[in-house]
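> So here's run03.cif, just mmCIF, C-alpha atoms and all ligand atoms:
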```
data_my_file
loop_
_atom_site.label_atom_id
_atom_site.label_comp_id
_atom_site.auth_asym_id
_atom_site.auth_seq_id
_atom_site.Cartn_x
_atom_site.Cartn_y
_atom_site.Cartn_z
CA MET A 1 3.01 16.22 -42.60
CA ASN A 2 5.32 15.93 -39.63
CA ILE A 3 5.30 12.34 -38.48
CA ASP A 4 6.86 11.49 -35.15
CA PHE A 5 8.65 8.34 -36.31
CA LYS A 6 10.47 7.91 -33.01
CA LYS A 7 7.23 7.81 -31.09
CA LEU A 8 5.69 5.39 -33.58
CA ALA A 9 8.71 3.07 -33.38
CA HIS A 10 8.46 3.14 -29.62
CA GLU A 11 4.73 2.45 -29.62
CA TYR A 12 4.46 -0.16 -32.36
CA GLY A 13 7.97 -1.54 -32.73
CA THR A 14 9.97 -2.05 -35.91
CA PRO A 15 9.99 -2.87 -38.77
CA LEU A 16 6.99 -0.62 -39.22
CA TYR A 17 5.18 0.67 -42.29
CA VAL A 18 3.87 4.20 -41.87
CA TYR A 19 1.48 5.78 -44.38
CA ASP A 20 0.63 9.43 -44.75
CA PHE A 21 -3.05 9.37 -45.70
CA ASP A 22 -3.18 13.15 -46.15
CA TYR A 23 -0.43 12.95 -48.77
CA MET A 24 -2.13 10.07 -50.59
CA ARG A 25 -5.47 11.89 -50.63
CA GLU A 26 -3.80 15.03 -51.97
CA GLN A 27 -2.13 13.04 -54.77
CA TYR A 28 -5.55 11.70 -55.71
CA ARG A 29 -7.09 15.17 -55.76
CA VAL A 30 -4.31 16.66 -57.88
CA LEU A 31 -4.69 13.95 -60.52
CA LYS A 32 -8.48 14.09 -60.47
CA SER A 33 -8.45 17.84 -60.96
CA ALA A 34 -6.05 17.52 -63.91
CA PHE A 35 -8.89 15.79 -65.76
CA GLU A 36 -11.36 18.55 -64.97
CA GLY A 37 -13.56 19.41 -67.92
CA SER A 38 -13.71 15.78 -69.05
CA LYS A 39 -15.55 12.81 -67.64
CA SER A 40 -12.95 10.85 -65.70
CA LEU A 41 -12.69 7.92 -63.36
CA ILE A 42 -9.59 7.25 -61.33
CA VAL A 43 -9.27 3.60 -60.45
CA TYR A 44 -6.62 3.04 -57.83
CA ALA A 45 -4.28 0.13 -58.72
CA VAL A 46 -4.85 -1.93 -55.61
CA LYS A 47 -1.79 -4.10 -56.15
CA SER A 48 0.48 -1.21 -55.18
CA ASN A 49 -0.84 -1.18 -51.61
CA SER A 50 -3.84 -3.32 -50.83
CA ASN A 51 -4.38 -2.55 -47.16
CA LEU A 52 -8.15 -2.14 -46.66
CA SER A 53 -7.77 1.24 -44.98
CA VAL A 54 -5.55 2.54 -47.80
CA ILE A 55 -8.21 1.54 -50.33
CA GLN A 56 -10.89 3.07 -48.12
CA ASN A 57 -8.97 6.34 -47.96
CA PHE A 58 -9.22 6.58 -51.76
CA ALA A 59 -12.77 5.23 -51.92
CA LYS A 60 -13.90 8.10 -49.69
CA GLU A 61 -12.62 10.46 -52.39
CA GLY A 62 -14.71 8.67 -54.99
CA SER A 63 -11.93 6.50 -56.36
CA GLY A 64 -12.55 3.23 -58.14
CA ALA A 65 -10.25 0.23 -58.02
CA ASP A 66 -8.13 -1.56 -60.60
CA CYS A 67 -7.81 -5.15 -59.46
CA VAL A 68 -5.74 -8.07 -60.73
CA SER A 69 -7.34 -10.91 -58.76
CA ILE A 70 -10.75 -11.64 -57.36
CA GLY A 71 -9.17 -11.22 -53.92
CA GLU A 72 -8.35 -7.63 -54.77
CA VAL A 73 -11.90 -7.12 -56.08
CA LYS A 74 -13.26 -8.34 -52.74
CA ARG A 75 -10.86 -6.11 -50.83
CA ALA A 76 -12.04 -3.11 -52.85
CA LEU A 77 -15.70 -3.91 -52.14
CA LEU A 78 -15.00 -4.43 -48.45
CA ALA A 79 -13.23 -1.07 -48.34
CA GLY A 80 -16.30 0.65 -49.75
CA VAL A 81 -15.46 1.03 -53.43
CA ASN A 82 -18.58 1.27 -55.58
CA PRO A 83 -18.80 -1.98 -57.63
CA TYR A 84 -19.56 0.09 -60.71
CA LYS A 85 -16.07 1.61 -60.34
CA ILE A 86 -14.16 -1.67 -60.16
CA ILE A 87 -12.13 -3.05 -63.06
CA PHE A 88 -10.75 -6.57 -63.10
CA SER A 89 -7.53 -6.86 -65.14
CA GLY A 90 -4.76 -9.42 -65.55
CA VAL A 91 -3.55 -11.95 -68.12
CA GLY A 92 -4.71 -15.07 -66.31
CA LYS A 93 -8.17 -15.07 -64.77
CA SER A 94 -9.73 -18.39 -63.85
CA ASP A 95 -13.34 -19.24 -64.70
CA SER A 96 -14.29 -19.09 -61.05
CA GLU A 97 -12.77 -15.61 -60.74
CA ILE A 98 -14.67 -14.50 -63.85
CA GLU A 99 -17.89 -15.96 -62.43
CA GLU A 100 -17.47 -14.16 -59.12
CA ALA A 101 -16.64 -10.90 -60.84
CA LEU A 102 -19.81 -11.14 -62.95
CA LYS A 103 -21.93 -11.92 -59.91
CA LEU A 104 -20.46 -8.94 -58.08
CA LYS A 105 -21.55 -6.69 -60.97
CA ILE A 106 -18.30 -4.78 -61.30
CA LEU A 107 -17.83 -2.11 -63.98
CA MET A 108 -15.91 -4.28 -66.43
CA ILE A 109 -13.61 -7.19 -66.94
CA ASN A 110 -10.51 -6.17 -68.81
CA VAL A 111 -9.84 -8.97 -71.28
CA GLU A 112 -6.28 -9.68 -72.37
CA SER A 113 -6.65 -12.41 -75.00
CA GLU A 114 -9.06 -14.05 -77.42
CA ALA A 115 -9.13 -17.21 -75.34
CA GLU A 116 -10.09 -15.22 -72.27
CA LEU A 117 -12.86 -13.45 -74.17
CA LYS A 118 -14.38 -16.83 -75.04
CA HIS A 119 -14.19 -17.89 -71.42
CA VAL A 120 -15.86 -14.70 -70.22
CA GLU A 121 -18.58 -15.24 -72.83
CA SER A 122 -19.27 -18.83 -71.83
CA VAL A 123 -19.35 -18.03 -68.12
CA ALA A 124 -21.70 -15.10 -68.78
CA LYS A 125 -23.95 -17.31 -70.91
CA ARG A 126 -24.10 -19.90 -68.17
CA LEU A 127 -25.09 -17.22 -65.66
CA GLY A 128 -27.55 -15.64 -68.09
CA VAL A 129 -25.90 -12.20 -67.89
CA GLU A 130 -24.20 -9.81 -70.25
CA ALA A 131 -20.55 -9.27 -69.29
CA ARG A 132 -19.27 -5.72 -69.54
CA ILE A 133 -15.77 -5.95 -70.95
CA SER A 134 -12.88 -3.88 -72.16
CA ILE A 135 -10.01 -5.21 -74.22
CA ARG A 136 -6.42 -4.45 -73.44
CA VAL A 137 -4.80 -3.34 -76.66
CA ASN A 138 -1.08 -3.32 -77.22
CA PRO A 139 -0.51 -0.04 -79.08
CA ASN A 140 2.94 -1.29 -80.09
CA VAL A 141 4.58 2.01 -79.31
CA ASP A 142 8.03 1.41 -80.69
CA PRO A 143 10.37 0.89 -77.75
CA LYS A 144 13.27 1.84 -80.04
CA THR A 145 11.96 5.32 -80.61
CA HIS A 146 11.19 5.52 -76.93
CA PRO A 147 13.93 3.58 -75.19
CA TYR A 148 12.97 5.15 -71.87
CA ILE A 149 10.03 2.80 -71.48
CA SER A 150 12.13 0.22 -69.78
CA THR A 151 9.31 -2.31 -69.74
CA GLY A 152 8.40 -1.80 -73.40
CA LEU A 153 9.55 -5.18 -74.62
CA HIS A 154 8.36 -7.13 -71.65
CA GLU A 155 4.95 -5.52 -72.02
CA ASN A 156 4.37 -7.41 -75.23
CA LYS A 157 2.98 -10.37 -73.37
CA PHE A 158 0.12 -8.14 -72.28
CA GLY A 159 -2.91 -7.25 -74.33
CA VAL A 160 -3.67 -8.00 -77.97
CA ASP A 161 -2.60 -6.40 -81.25
CA ILE A 162 -4.79 -3.76 -82.85
CA ASP A 163 -6.01 -6.01 -85.69
CA ILE A 164 -6.97 -8.79 -83.33
CA ALA A 165 -8.61 -6.26 -81.02
CA LYS A 166 -10.83 -5.01 -83.81
CA ARG A 167 -11.96 -8.52 -84.65
CA LEU A 168 -12.63 -9.27 -80.96
CA TYR A 169 -14.69 -6.11 -80.56
CA ILE A 170 -16.86 -7.10 -83.52
CA TYR A 171 -17.22 -10.57 -82.08
CA ALA A 172 -18.20 -9.13 -78.69
CA LYS A 173 -20.70 -6.73 -80.24
CA ASN A 174 -22.45 -9.64 -81.93
CA SER A 175 -22.54 -11.78 -78.80
CA ASN A 176 -25.55 -11.41 -76.53
CA ALA A 177 -23.38 -12.38 -73.54
CA LEU A 178 -20.77 -9.66 -74.06
CA ASP A 179 -21.03 -5.89 -73.85
CA PRO A 180 -17.83 -4.18 -75.03
CA VAL A 181 -17.90 -0.90 -73.11
CA GLY A 182 -14.22 -0.09 -72.70
CA ILE A 183 -10.80 -0.05 -74.26
CA HIS A 184 -7.58 -0.26 -72.34
CA PHE A 185 -3.85 0.19 -72.73
CA HIS A 186 -0.99 0.33 -70.25
CA ILE A 187 2.46 0.82 -71.72
CA GLY A 188 4.59 0.45 -68.63
CA SER A 189 5.42 1.62 -65.16
CA GLN A 190 7.44 4.49 -63.72
CA LEU A 191 6.83 6.50 -66.89
CA THR A 192 8.61 9.83 -66.87
CA LYS A 193 8.09 10.90 -70.49
CA LEU A 194 4.90 12.08 -72.10
CA GLU A 195 5.62 11.26 -75.76
CA PRO A 196 4.99 7.50 -75.67
CA ILE A 197 1.78 8.02 -73.70
CA ALA A 198 0.58 10.60 -76.19
CA GLU A 199 1.50 8.33 -79.08
CA ALA A 200 -0.30 5.35 -77.55
CA ALA A 201 -3.37 7.46 -76.74
CA GLU A 202 -3.59 8.66 -80.36
CA ILE A 203 -3.28 5.12 -81.72
CA ILE A 204 -5.95 3.75 -79.39
CA ALA A 205 -8.23 6.74 -79.96
CA ASP A 206 -8.07 6.12 -83.71
CA LEU A 207 -9.10 2.55 -83.07
CA VAL A 208 -12.04 3.77 -80.98
CA ARG A 209 -13.11 6.03 -83.83
CA SER A 210 -13.12 3.16 -86.28
CA LEU A 211 -14.98 0.97 -83.79
CA LYS A 212 -17.64 3.59 -83.17
CA ALA A 213 -18.06 3.92 -86.93
CA ILE A 214 -19.10 0.26 -87.11
CA GLY A 215 -21.41 0.47 -84.15
CA VAL A 216 -19.18 -0.64 -81.26
CA ASP A 217 -20.04 1.96 -78.66
CA ILE A 218 -16.98 2.30 -76.47
CA LYS A 219 -17.67 4.40 -73.35
CA PHE A 220 -14.50 4.05 -71.26
CA PHE A 221 -11.06 5.06 -72.50
CA ASP A 222 -8.64 3.48 -70.05
CA VAL A 223 -5.12 4.89 -70.27
CA GLY A 224 -3.61 2.54 -67.69
CA GLY A 225 -1.33 3.58 -64.85
CA GLY A 226 2.41 3.90 -64.61
CA ILE A 227 2.77 7.59 -63.78
CA GLY A 228 6.34 7.89 -62.52
CA VAL A 229 7.33 9.16 -59.08
CA GLU A 230 10.48 10.41 -57.37
CA TYR A 231 12.67 7.77 -55.83
CA HIS A 232 16.04 9.55 -56.07
CA GLY A 233 14.61 13.04 -55.83
CA ASP A 234 16.09 14.44 -59.06
CA GLU A 235 13.82 12.73 -61.59
CA LYS A 236 12.06 14.89 -64.12
CA LEU A 237 8.47 13.78 -63.84
CA ILE A 238 5.46 13.99 -66.08
CA ASP A 239 3.45 17.17 -65.67
CA LEU A 240 -0.06 15.98 -64.85
CA GLU A 241 -1.78 18.86 -66.58
CA GLU A 242 0.12 18.02 -69.78
CA TYR A 243 -0.62 14.34 -69.24
CA ALA A 244 -4.33 15.03 -69.05
CA THR A 245 -4.12 17.41 -71.99
CA VAL A 246 -2.58 14.90 -74.41
CA ILE A 247 -5.24 12.36 -73.48
CA LYS A 248 -8.09 14.84 -73.86
CA LYS A 249 -6.64 15.88 -77.20
CA ALA A 250 -6.44 12.27 -78.43
CA ILE A 251 -10.12 11.61 -77.76
CA LYS A 252 -11.39 15.02 -78.86
CA GLY A 253 -14.90 14.92 -80.27
CA MET A 254 -15.78 11.54 -78.75
CA ASP A 255 -18.05 10.97 -75.79
CA LEU A 256 -15.74 8.94 -73.55
CA THR A 257 -14.97 8.66 -69.87
CA ILE A 258 -11.22 8.74 -69.28
CA VAL A 259 -10.16 5.99 -66.90
CA CYS A 260 -6.75 6.23 -65.26
CA GLU A 261 -5.17 3.48 -63.12
CA PRO A 262 -2.46 5.00 -60.94
CA GLY A 263 -0.76 2.87 -58.33
CA ARG A 264 2.58 4.15 -57.18
CA TYR A 265 1.72 7.76 -58.05
CA LEU A 266 -0.88 7.66 -55.28
CA THR A 267 0.97 5.62 -52.70
CA ALA A 268 4.76 5.37 -53.18
CA ASN A 269 5.88 8.58 -51.54
CA GLY A 270 3.16 8.47 -48.93
CA GLY A 271 4.79 5.45 -47.31
CA TYR A 272 7.81 4.90 -45.08
CA LEU A 273 9.43 1.79 -43.73
CA LEU A 274 10.83 2.38 -40.31
CA THR A 275 13.66 0.06 -39.29
CA LYS A 276 16.12 -0.23 -36.42
CA VAL A 277 19.86 -0.80 -36.60
CA LEU A 278 20.80 -4.12 -35.06
CA TYR A 279 24.55 -4.18 -35.63
CA GLU A 280 27.38 -2.54 -37.47
CA LYS A 281 29.80 -4.92 -39.11
CA GLN A 282 32.98 -4.81 -41.17
CA ASN A 283 34.21 -7.57 -43.52
CA GLY A 284 37.61 -6.64 -44.90
CA ASP A 285 37.17 -3.09 -46.06
CA LYS A 286 33.43 -3.43 -46.59
CA TYR A 287 30.99 -2.01 -44.07
CA PHE A 288 27.53 -3.33 -43.36
CA THR A 289 24.70 -1.97 -41.31
CA ILE A 290 22.40 -4.82 -40.31
CA VAL A 291 18.85 -3.67 -39.69
CA ASP A 292 15.68 -5.42 -38.52
CA ALA A 293 13.83 -4.97 -41.85
CA ALA A 294 14.67 -7.37 -44.64
CA MET A 295 13.81 -8.39 -48.18
CA ASN A 296 10.72 -10.13 -46.84
CA ASP A 297 9.49 -6.70 -45.70
CA LEU A 298 10.61 -4.66 -48.72
CA LEU A 299 11.48 -6.74 -51.76
CA ARG A 300 12.02 -4.04 -54.39
CA PRO A 301 15.78 -3.53 -53.83
CA SER A 302 16.43 -7.29 -54.07
CA LEU A 303 13.95 -7.94 -56.87
CA TYR A 304 14.48 -4.94 -59.15
CA ASN A 305 17.65 -3.44 -57.74
CA ALA A 306 15.30 -0.56 -56.95
CA TYR A 307 16.63 2.48 -55.16
CA HIS A 308 15.02 3.69 -51.95
CA LYS A 309 16.37 6.70 -50.14
CA ILE A 310 17.27 5.85 -46.54
CA GLU A 311 17.83 8.41 -43.83
CA PRO A 312 18.82 8.11 -40.18
CA LEU A 313 16.24 9.64 -37.88
CA ALA A 314 18.90 11.34 -35.78
CA LYS A 315 22.27 12.19 -37.28
CA ARG A 316 25.35 11.27 -35.25
CA GLU A 317 28.58 13.24 -35.32
CA GLY A 318 31.27 12.04 -37.68
CA GLU A 319 32.18 11.50 -41.32
CA SER A 320 29.73 9.71 -43.57
CA PHE A 321 31.10 6.54 -45.11
CA GLN A 322 30.04 3.94 -47.62
CA ARG A 323 28.16 0.85 -46.56
CA ASP A 324 25.42 -1.64 -47.46
CA ILE A 325 22.20 -1.67 -45.49
CA VAL A 326 21.24 -5.32 -45.14
CA GLY A 327 18.60 -7.40 -43.41
CA PRO A 328 18.87 -10.52 -41.24
CA ILE A 329 17.69 -12.96 -43.94
CA CYS A 330 19.97 -15.76 -45.06
CA GLU A 331 20.41 -14.53 -48.64
CA SER A 332 23.19 -12.45 -50.16
CA GLY A 333 20.45 -10.66 -52.09
CA ASP A 334 18.90 -9.41 -48.86
CA PHE A 335 19.65 -5.71 -48.89
CA LEU A 336 17.76 -2.43 -48.68
CA ALA A 337 20.59 -0.34 -50.12
CA LYS A 338 24.05 -0.90 -51.57
CA ASP A 339 27.07 1.39 -51.32
CA ILE A 340 25.29 4.34 -49.81
CA LYS A 341 26.97 6.97 -47.70
CA MET A 342 25.71 7.49 -44.21
CA PRO A 343 27.04 9.00 -40.98
CA PRO A 344 28.10 6.63 -38.18
CA LEU A 345 25.28 4.52 -36.75
CA GLU A 346 24.86 2.56 -33.55
CA SER A 347 22.65 -0.31 -32.44
CA GLY A 348 19.16 0.98 -31.78
CA ASP A 349 19.34 3.90 -34.22
CA LEU A 350 16.26 4.30 -36.38
CA LEU A 351 16.34 4.55 -40.16
CA VAL A 352 13.54 5.73 -42.42
CA VAL A 353 13.26 4.03 -45.80
CA LYS A 354 11.46 6.37 -48.19
CA SER A 355 9.05 5.77 -51.07
CA ALA A 356 7.86 2.56 -49.43
CA GLY A 357 4.12 3.09 -49.85
CA ALA A 358 3.88 1.21 -53.16
CA TYR A 359 4.89 -2.40 -53.73
CA GLY A 360 6.24 -2.54 -50.19
CA PHE A 361 3.98 -4.38 -47.80
CA THR A 362 2.01 -5.95 -50.67
CA MET A 363 5.13 -7.84 -51.73
CA ALA A 364 6.07 -8.83 -48.18
CA SER A 365 6.38 -12.50 -47.32
CA ASN A 366 7.00 -14.71 -44.34
CA TYR A 367 10.35 -15.97 -45.62
CA ASN A 368 12.58 -17.16 -42.78
CA THR A 369 9.42 -17.39 -40.66
CA ARG A 370 9.43 -13.66 -40.17
CA PRO A 371 6.06 -12.19 -39.21
CA ARG A 372 5.01 -9.35 -41.50
CA ALA A 373 5.32 -5.82 -40.17
CA CYS A 374 2.66 -3.66 -38.57
CA GLU A 375 1.09 -0.94 -40.72
CA VAL A 376 0.15 2.45 -39.34
CA ALA A 377 -1.78 5.29 -40.98
CA CYS A 378 -1.34 8.96 -40.09
CA GLU A 379 -4.04 11.46 -40.90
CA GLY A 380 -4.72 14.94 -39.58
CA GLY A 381 -1.93 14.60 -37.02
CA GLU A 382 -3.23 11.32 -35.60
CA CYS A 383 -1.75 7.88 -36.23
CA ARG A 384 -3.53 4.54 -35.94
CA VAL A 385 -2.82 0.88 -36.63
CA ILE A 386 -4.37 -0.38 -39.86
CA ARG A 387 -2.84 -3.85 -39.71
CA ARG A 388 -1.47 -5.38 -36.58
CA ARG A 389 1.94 -6.99 -36.57
CA GLU A 390 1.77 -10.69 -37.36
CA ASN A 391 2.82 -13.15 -34.69
CA PHE A 392 4.21 -16.66 -34.71
CA GLU A 393 0.74 -18.12 -34.20
CA ASP A 394 -0.51 -16.44 -37.42
CA LEU A 395 2.32 -18.06 -39.35
CA ILE A 396 1.72 -21.66 -38.26
CA GLU A 397 -2.06 -21.59 -37.94
CA ALA A 398 -2.77 -23.23 -41.30
CA GLU A 399 -0.16 -25.95 -40.72
CA LYS A 400 -0.10 -26.99 -37.13
CA LEU A 401 -3.19 -29.18 -37.19
CA TYR A 402 -1.56 -31.41 -39.77
CA LEU A 403 1.34 -32.38 -37.53
CA GLN A 404 1.40 -36.13 -36.97
CA GLY A 405 1.30 -37.64 -33.50
CA GLU A 406 3.86 -40.07 -32.12
C1 LIG A 501 0.69 -2.36 -62.32
C2 LIG A 501 -0.37 -1.76 -63.13
C3 LIG A 501 -0.86 -0.48 -62.82
C4 LIG A 501 -0.26 0.38 -61.77
O1 LIG A 501 1.09 0.67 -62.06
P1 LIG A 501 1.81 1.85 -61.29
O2 LIG A 501 3.17 1.89 -61.90
O3 LIG A 501 1.85 1.49 -59.86
O4 LIG A 501 1.02 3.08 -61.55
C5 LIG A 501 -1.94 -0.02 -63.54
N1 LIG A 501 -2.50 -0.75 -64.54
C6 LIG A 501 -2.03 -1.97 -64.88
C7 LIG A 501 -2.70 -2.72 -65.97
C8 LIG A 501 -0.95 -2.51 -64.19
O5 LIG A 501 -0.47 -3.71 -64.55
#
```
Could you show the structure in this file as C-alpha cells?
Ligand SMILES: *Cc1c(COP(=O)(O)O)cnc(C)c1O


Amino acid sequence: MNIDFKKLAHEYGTPLYVYDFDYMREQYRVLKSAFEGSKSLIVYAVKSNSNLSVIQNFAKEGSGADCVSIGEVKRALLAGVNPYKIIFSGVGKSDSEIEEALKLKILMINVESEAELKHVESVAKRLGVEARISIRVNPNVDPKTHPYISTGLHENKFGVDIDIAKRLYIYAKNSNALDPVGIHFHIGSQLTKLEPIAEAAEIIADLVRSLKAIGVDIKFFDVGGGIGVEYHGDEKLIDLEEYATVIKKAIKGMDLTIVCEPGRYLTANGGYLLTKVLYEKQNGDKYFTIVDAAMNDLLRPSLYNAYHKIEPLAKREGESFQRDIVGPICESGDFLAKDIKMPPLESGDLLVVKSAGAYGFTMASNYNTRPRACEVACEGGECRVIRRRENFEDLIEAEKLYLQGE
C-alpha cells in the first residue's frame, strides 16, 4: 500500500507509528490458508503489538489471542476476540490473574511449571470450576545441532521436560478441577529454519500419542510462534506451506486442532516509525544524525542490537556517508541505527524506520518524561488515529495529587 508518510507527519506530528492494516490482514490470511485441510486456530501474540485496533483487525478475521498477562487478556476481549480463542501463557501468573482468567472462561491457561499447575488447580477448586489447561513442554531440541536457534539455551527456563509433562498430564487428568485439553511448545523467535520446528513437532506429537493411549485426550496442538520475518531484506525465510506441512505430518492420524501463535510475522513489517531529523552533528570523524524518536519509542536497537532499515523519505543530492542515527535521550545506548550509510540530511527531513510493527510501541516507555508516540492505522487508502499522542498531563496524572503542600 502506498502510504503518504509526509502527509501523516504533517497531520499527526512525529515520532509517529504507522500501521498498514491491509498488510497485517493479508499476512494473517496467508498463514491461515497454509493450514487449510486441517483444523487450525491462529492466536495472535498480543505482546508484539497490543493496540486495541490492531487486535481488532485480527479478531475480525477470526483470530484468537495469545496473552502473557491478564491485562492482555482483557485487551483481547475488549477488541472483540472470542474468549474461547484466548490462551493465557507466561512463566509467572499470579493467583488473581489465574482467577480472573478462569472467570472470563478463556480457551485455556498454558501452564509452565508443576507449581503453577497446583495453583491453577486450587484456584479452580475454590471457584468450583474445571480449568482448561495446556502444558508448555520443552522439547529439548538440541541447540548444538541447530545453532541457528539463537534463543535455544535461554528458552530452557520455559516449559517443563517431557517426563515431568507426562506426570503432570496424568495428575491433571485425575483432578476434577483440571481439564488438560492442550499441549504447547515454543522453541524461539525469529526462526528461519524448518528443521528444529519439525523435530520439536515430532517429539511433542509422540508425547501426545502416548498421552492419548492412557486416556489424556489432548485436543489442541500448539506449535508456538516465532516465525521469522525480514529485517535486512536478504533473509531466507521459512516457507509457510512447508511449515504447515511438517506440522500436519507430525500429528498425522490424530484428531487435533493446530494452534499457532505468530506475533512479529503478522505485525513487524506492517509497521513504520516515522521520525524527523533534528540536527546533524560531527564529533571528531564520527557523524551523528539526531532524530526526534528515541530508545523510549523503539527499544529493539538498544536492547537487542536489532537492525531496522531506515530510509529518508526524500533523497537529497550528494554522496552517502556513514553515521549513527541517535535519539535525544541521555544514554549512549540511545540509537536507532549504528554505522549506516545515508545521503546528506537536513533538519526537518523525515526518516522511515521499517519493520517497526512488532515490539515497537509495546516496548515504549516514558523515560526522560517523553510522551509516547501517536499510532495511526491505514486501511483501504484511509488513515486514522488508533492511539492519540500522550501529553504531559497523562504522564504526571498518577503522581501530582501526592505532591506535598508548603
Ligand atoms: C513471544 C512469543 C510468541 C510470539 O513470538 P514472535 O516471535 O513475535 O512470533 C509466541 N508464543 C510465545 C509463547 C511467546 O513467548

> Provide an axis-aligned box for all listed atoms of ligand LIG 501 (chain A), padding each side by 6 Å; report its centre and its edge lengths in Å to one decimal, as AutoDock Vina command-line options.


```
--center_x 0.2 --center_y -0.3 --center_z -62.9 --size_x 17.9 --size_y 18.8 --size_z 18.1
```

> Restricting the calculation to all atoms listed in the file, which member of A:Glu11, A:Glu97, A:Glu242, A:Glu261 is positioned closest to ligand LIG 501 (chain A)?

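So, comparing all the options, the nearest one is A:Glu261.
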
> Excluding stretch 204-221 of chain A and any residue of its chain fewer than 6 positions from it, enumerate the residues within 8 Å of it, using all atoms listed in the file, and give them as a ChimeraX atom specification.

/A:137,139,162,166,169-170,173,180-185,250-251,254-259

> Write out as a list in words each polymer residue (protein, DNA or RNA) that has an atom no more than 6 Å from ligand LIG 501 (chain A), with all atoms listed in the file counted.

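With all atoms listed in the file and a cut-off of 6 Å, ligand LIG 501 (chain A) is contacted by Ala45, Ser48, His186, Ser189, Gln190, Gly224, Gly225, Gly226, Ile227, Glu261, Pro262, Gly263, Arg264 and Tyr265 of chain A.
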
> Do a neighbour search on A:Ser113 at 7 Å with only C-alpha atoms, toss out local chain neighbours closer than 4 positions, and write the hits as an MDAnalysis selection string.

chainID A and resid 117 159:160

> If we count only C-alpha atoms and set the cut-off at 12 Å, which residues sit around A:Lys7, ignoring sequence neighbours fewer than 6 positions away in its own chain? Please answer as a JSON list (two decimals) with C-alpha atoms, in the coordinates of the input.


```json
[["chain", "number", "residue", "atom", "x", "y", "z"],
["A", 13, "GLY", "CA", 7.97, -1.54, -32.73],
["A", 14, "THR", "CA", 9.97, -2.05, -35.91],
["A", 16, "LEU", "CA", 6.99, -0.62, -39.22],
["A", 18, "VAL", "CA", 3.87, 4.20, -41.87],
["A", 274, "LEU", "CA", 10.83, 2.38, -40.31],
["A", 313, "LEU", "CA", 16.24, 9.64, -37.88],
["A", 350, "LEU", "CA", 16.26, 4.30, -36.38],
["A", 382, "GLU", "CA", -3.23, 11.32, -35.60],
["A", 383, "CYS", "CA", -1.75, 7.88, -36.23]]
```

> Given all atoms listed in the file as the basis, pick out the residue of A:Tyr279, A:Phe158, A:Tyr272, A:Phe88 nearest to A:Val353.

A:Tyr272

> Just how far from atom CA of A:Tyr12 is atom CA of A:Arg384, in Å to one decimal?

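About the pair atom CA of A:Arg384 and atom CA of A:Tyr12: they are 9.9 Å apart.
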
> Using all atoms listed in the file, which residues sit within 6 Å of stretch 318-329 of chain A once same-chain residues fewer than 2 positions away are excluded, as a PyMOL selection string?

chain A and resi 287-291+293-294+331+334-343

> Of the candidates A:Pro344, A:Gly380, A:Gly333, A:Gly64, which shows the shortest atom-to-atom distance to A:Lys281, using only C-alpha atoms?

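Once distances to A:Lys281 are computed over only C-alpha atoms, the minimum belongs to A:Pro344.
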
> Between A:Asp163, A:Asp179, A:Glu311, A:Glu195, which residue has the minimum interatomic distance to A:Ala131, considering all atoms listed in the file?

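The shortest atom-to-atom distance to A:Ala131 comes from A:Asp179.
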
> If I take atom CA of A:Arg316 and atom CA of A:Glu346, how far is one from the other in Å, to one decimal?

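Interatomic distance, atom CA of A:Arg316 to atom CA of A:Glu346: 8.9 Å.
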
> Name all residues at most 10 Å from A:Gly90 (count only C-alpha atoms; drop same-chain ones fewer than 2 positions away) and give them as a VMD selection string.

chain A and resid 66 to 69 88 92 to 93 109 to 112 136 158 to 159

> Could you save the residues just selected, with C-alpha atoms, as a JSON list (two decimals), in the coordinates of the input?


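Contents of the output file out-v4.json:
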```
[["chain", "number", "residue", "atom", "x", "y", "z"],
["A", 66, "ASP", "CA", -8.13, -1.56, -60.60],
["A", 67, "CYS", "CA", -7.81, -5.15, -59.46],
["A", 68, "VAL", "CA", -5.74, -8.07, -60.73],
["A", 69, "SER", "CA", -7.34, -10.91, -58.76],
["A", 88, "PHE", "CA", -10.75, -6.57, -63.10],
["A", 92, "GLY", "CA", -4.71, -15.07, -66.31],
["A", 93, "LYS", "CA", -8.17, -15.07, -64.77],
["A", 109, "ILE", "CA", -13.61, -7.19, -66.94],
["A", 110, "ASN", "CA", -10.51, -6.17, -68.81],
["A", 111, "VAL", "CA", -9.84, -8.97, -71.28],
["A", 112, "GLU", "CA", -6.28, -9.68, -72.37],
["A", 136, "ARG", "CA", -6.42, -4.45, -73.44],
["A", 158, "PHE", "CA", 0.12, -8.14, -72.28],
["A", 159, "GLY", "CA", -2.91, -7.25, -74.33]]
```

> Would you kindly identify which residues have an atom no farther than 12 Å from (-10.9, 16.8, -60.5), using only C-alpha atoms and the file's own coordinates, and write them out as JSON, numbers by chain?

{"A": [26, 27, 28, 29, 30, 31, 32, 33, 34, 35, 36, 37, 38, 39, 40, 41, 42, 61, 62, 63, 240, 241, 244, 258]}

> Could you tell me how far atom CA of A:Leu107 sits from atom CA of A:Lys85, in Å to one decimal place?

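That distance, rounded to one decimal, is 5.5 Å.
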
> Using all atoms listed in the file for the distances, tell me which of A:Gln282, A:Asn391, A:Thr192, A:Asn138 is nearest to A:Asp239.

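So, comparing all the options, the nearest one is A:Thr192.
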
> Which residue is closest to A:Asp292? Choose from A:Leu273, A:Tyr402, A:Lys249, A:Leu102 and count all atoms listed in the file.

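Smallest distance to A:Asp292 is found for A:Leu273.
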